[in-house]
Amino acid sequence: MSPKAPQNPTDPAPAASRLRDRADALAQRLPPLLVAAERVAAAVTPGLHGRRRVGTGEAFWQFRRYQQGDDTDQIDWRQSAKGDHVYVRENEWEAAQTVWLWRDAGPSMDWRSDRELPLKRERADLLALALACLLVRGGERVGLMGGPRPLPGRSALEPLALALTRVPSAPPPPVPPAQPLARHARLVVMGDLLAPLDDIQAAVAFHAGHGVRGHLLQILDPAEETLPYEGRVEFRAVHGAVEGEQRLLVPRVDGLRGAYQERLAAHRAGLAQIARASGWSFSLHHTDKPPQAALLGLWGALSQESVRTAAAHSGVTHAPTSWTNEGGV
């Protein structure tokens with residue numbers, strides 16, 4: 001439960017433009033040496049950041065409609081001749097170059113404890129698009145679950161920004177949908193991750209069971225971490241409320257602080273365990289911290305995942321890693 005959230009703008013176009021500009025600026029602030037180093041590593045390590053692979057990587061995966069920005073060499077003219085549309089052929093390893101993003105767009109994300117802070121959803125949108133900026137520079141395709149299909153290069157950023165800033169017509173579920181992704185693709189999940197652990201575990205297990213590696217990023221307002229309120233406080237539910245549970249009046253909220261923090265810590269430990277059990281990684285970000293640190297952590301997590309994916313294809317075994325950074329992030 002959280003104080004009542006302010007309303008979001010209904011017109012996505014101006015907000016999308018501002019989000020794209022801020023996200024691109026954030027990505028550009030990272031040390032150019034870091035981006036250059038990752039690209040060099042991708043060039044010499046099989047399977048990293050968009051490099052094609054001979055062998056199993058030549059296995060056919062699917063046909064899909066031709067989109068602006070696609071290489072014309074990928075067009076399958078035989079398949080295209082069967083109908084009125086032009087189709088490109090995607091192979092298994094090409095599909096593995098895709099990084100999928102999912103961020104919680106539910107009501108609980110439209111909240112902040114102070115007007116000087118961003119809404120949790122605003123921070124998630126910014127980080128998602130900034131990460132996309134970095135990934136497309138490294139040759140990756142980036143897609144948004146429930147949004148536009150992955151596109152190559154900067155042509156992916158405009159539709160992604162519009163999709164991120166679009167106001168949903170109905171409250172979306174607080175976990176990623178059971179939508180099959182290509183095996184060896186990667187999935188970055190961003191949100192407050194306050195849904196029941198069983199629901200989160202089921203979502204992660206579904207995608208991990210389909211060969212998808214991923215990362216969980218929990219985004220919280222600092223007040224959700226510390227419960228800094230004193231005395232009599234009324235809380236209002238913004239997600240999943242039922243009749244009679246929309247409001248909760250606590251006579252002395254400071255008396256609940258210790259129990260609340262213990263429960264939050266247990267929930268976070270559960271998230272880390274879910275990630276670790278599936279070979280995923282986990283990190284934490286507070287909205288009063290600079291977004292650059294969280295972006296750098298996401299980039300590092302995906303880079304480590306690329307190493308493990310390449311090692312798996314080459315027969316080398318690496319232990320899965322899971323980490324939580326609560327200080328600098």
# chains A, B, ... in the order shown; residues from 1 in each chain; ligands from 1
call {"tool": "select_by_dssp", "arguments": {"residues": "region 82-157 of chain A", "states": "helix (DSSP H, G or I)", "output": "ChimeraX atom specification"}}
result
/A:92-95,107-109,120-137,153-157
call {"tool": "residues_around", "arguments": {"residues": "Asp254 (chain A)", "least_positions_apart": "4", "cutoff": "12 Å", "atoms": "only C-alpha atoms", "output": "ChimeraX atom specification"}}
result
/A:226-233,250,258-261
call {"tool": "residues_around", "arguments": {"residues": "Asp73 (chain A)", "least_positions_apart": "2", "cutoff": "12 Å", "atoms": "only C-alpha atoms", "output": "PyMOL selection string"}}
result
chain A and resi 66+69-71+75-77+87-90
call {"tool": "write_last_selection", "arguments": {"atoms": "N, CA, C and O atoms", "output": "PDB file, in the first residue's frame"}}
result
ATOM      1  N   TYR A  66       9.147  -8.457 -43.078  1.00  0.00           N
ATOM      2  CA  TYR A  66      10.236  -7.498 -43.295  1.00  0.00           C
ATOM      3  C   TYR A  66       9.868  -6.164 -42.651  1.00  0.00           C
ATOM      4  O   TYR A  66       8.730  -5.703 -42.741  1.00  0.00           O
ATOM      5  N   GLY A  69      14.749  -1.130 -41.971  1.00  0.00           N
ATOM      6  CA  GLY A  69      16.013  -1.278 -41.275  1.00  0.00           C
ATOM      7  C   GLY A  69      16.603  -2.668 -41.407  1.00  0.00           C
ATOM      8  O   GLY A  69      17.788  -2.874 -41.123  1.00  0.00           O
ATOM      9  N   ASP A  70      15.788  -3.657 -41.828  1.00  0.00           N
ATOM     10  CA  ASP A  70      16.297  -5.007 -42.021  1.00  0.00           C
ATOM     11  C   ASP A  70      17.238  -5.051 -43.220  1.00  0.00           C
ATOM     12  O   ASP A  70      17.064  -4.323 -44.213  1.00  0.00           O
ATOM     13  N   ASP A  71      18.220  -5.925 -43.148  1.00  0.00           N
ATOM     14  CA  ASP A  71      19.144  -6.147 -44.255  1.00  0.00           C
ATOM     15  C   ASP A  71      18.400  -6.895 -45.356  1.00  0.00           C
ATOM     16  O   ASP A  71      17.788  -7.932 -45.123  1.00  0.00           O
ATOM     17  N   ILE A  75      16.143 -11.330 -46.740  1.00  0.00           N
ATOM     18  CA  ILE A  75      14.830 -11.625 -47.326  1.00  0.00           C
ATOM     19  C   ILE A  75      14.825 -13.039 -47.896  1.00  0.00           C
ATOM     20  O   ILE A  75      15.745 -13.446 -48.607  1.00  0.00           O
ATOM     21  N   ASP A  76      13.817 -13.795 -47.562  1.00  0.00           N
ATOM     22  CA  ASP A  76      13.609 -15.128 -48.117  1.00  0.00           C
ATOM     23  C   ASP A  76      12.582 -15.004 -49.239  1.00  0.00           C
ATOM     24  O   ASP A  76      11.380 -14.898 -48.994  1.00  0.00           O
ATOM     25  N   TRP A  77      13.088 -14.988 -50.478  1.00  0.00           N
ATOM     26  CA  TRP A  77      12.218 -14.701 -51.615  1.00  0.00           C
ATOM     27  C   TRP A  77      11.242 -15.840 -51.883  1.00  0.00           C
ATOM     28  O   TRP A  77      10.121 -15.619 -52.352  1.00  0.00           O
ATOM     29  N   TYR A  87       9.104 -11.479 -46.397  1.00  0.00           N
ATOM     30  CA  TYR A  87       9.539 -12.105 -45.160  1.00  0.00           C
ATOM     31  C   TYR A  87      11.057 -12.229 -45.125  1.00  0.00           C
ATOM     32  O   TYR A  87      11.709 -12.414 -46.162  1.00  0.00           O
ATOM     33  N   VAL A  88      11.595 -12.107 -43.903  1.00  0.00           N
ATOM     34  CA  VAL A  88      13.023 -12.351 -43.698  1.00  0.00           C
ATOM     35  C   VAL A  88      13.161 -13.633 -42.894  1.00  0.00           C
ATOM     36  O   VAL A  88      12.264 -14.033 -42.151  1.00  0.00           O
ATOM     37  N   ARG A  89      14.315 -14.265 -43.061  1.00  0.00           N
ATOM     38  CA  ARG A  89      14.592 -15.529 -42.385  1.00  0.00           C
ATOM     39  C   ARG A  89      15.472 -15.255 -41.172  1.00  0.00           C
ATOM     40  O   ARG A  89      16.526 -14.624 -41.295  1.00  0.00           O
ATOM     41  N   GLU A  90      15.035 -15.701 -39.999  1.00  0.00           N
ATOM     42  CA  GLU A  90      15.820 -15.549 -38.778  1.00  0.00           C
ATOM     43  C   GLU A  90      16.330 -16.907 -38.331  1.00  0.00           C
ATOM     44  O   GLU A  90      15.572 -17.880 -38.271  1.00  0.00           O
TER      45      GLU A  90
END
call {"tool": "closest_atom_pairs", "arguments": {"of": "region 94-209 of chain A", "to": "region 296-300 of chain A", "cutoff": "9 Å", "atoms": "only C-alpha atoms", "output": "CSV"}}
result
residue,atom,partner,partner_atom,distance
A:Leu131,CA,A:Trp299,CA,7.3
A:Leu134,CA,A:Trp299,CA,8.1
A:Leu135,CA,A:Trp299,CA,8.5
A:Val188,CA,A:Leu298,CA,8.4
call {"tool": "atom_distance", "arguments": {"atom1": "CA of Leu256 (chain A)", "atom2": "CA of Arg123 (chain A)"}}
result
28.1 Å
call {"tool": "closest_residue", "arguments": {"among": "A:Ala223, A:Ala13, A:Ala265, A:Ala156", "to": "Arg112 (chain A)", "atoms": "only C-alpha atoms"}}
result
A:Ala223
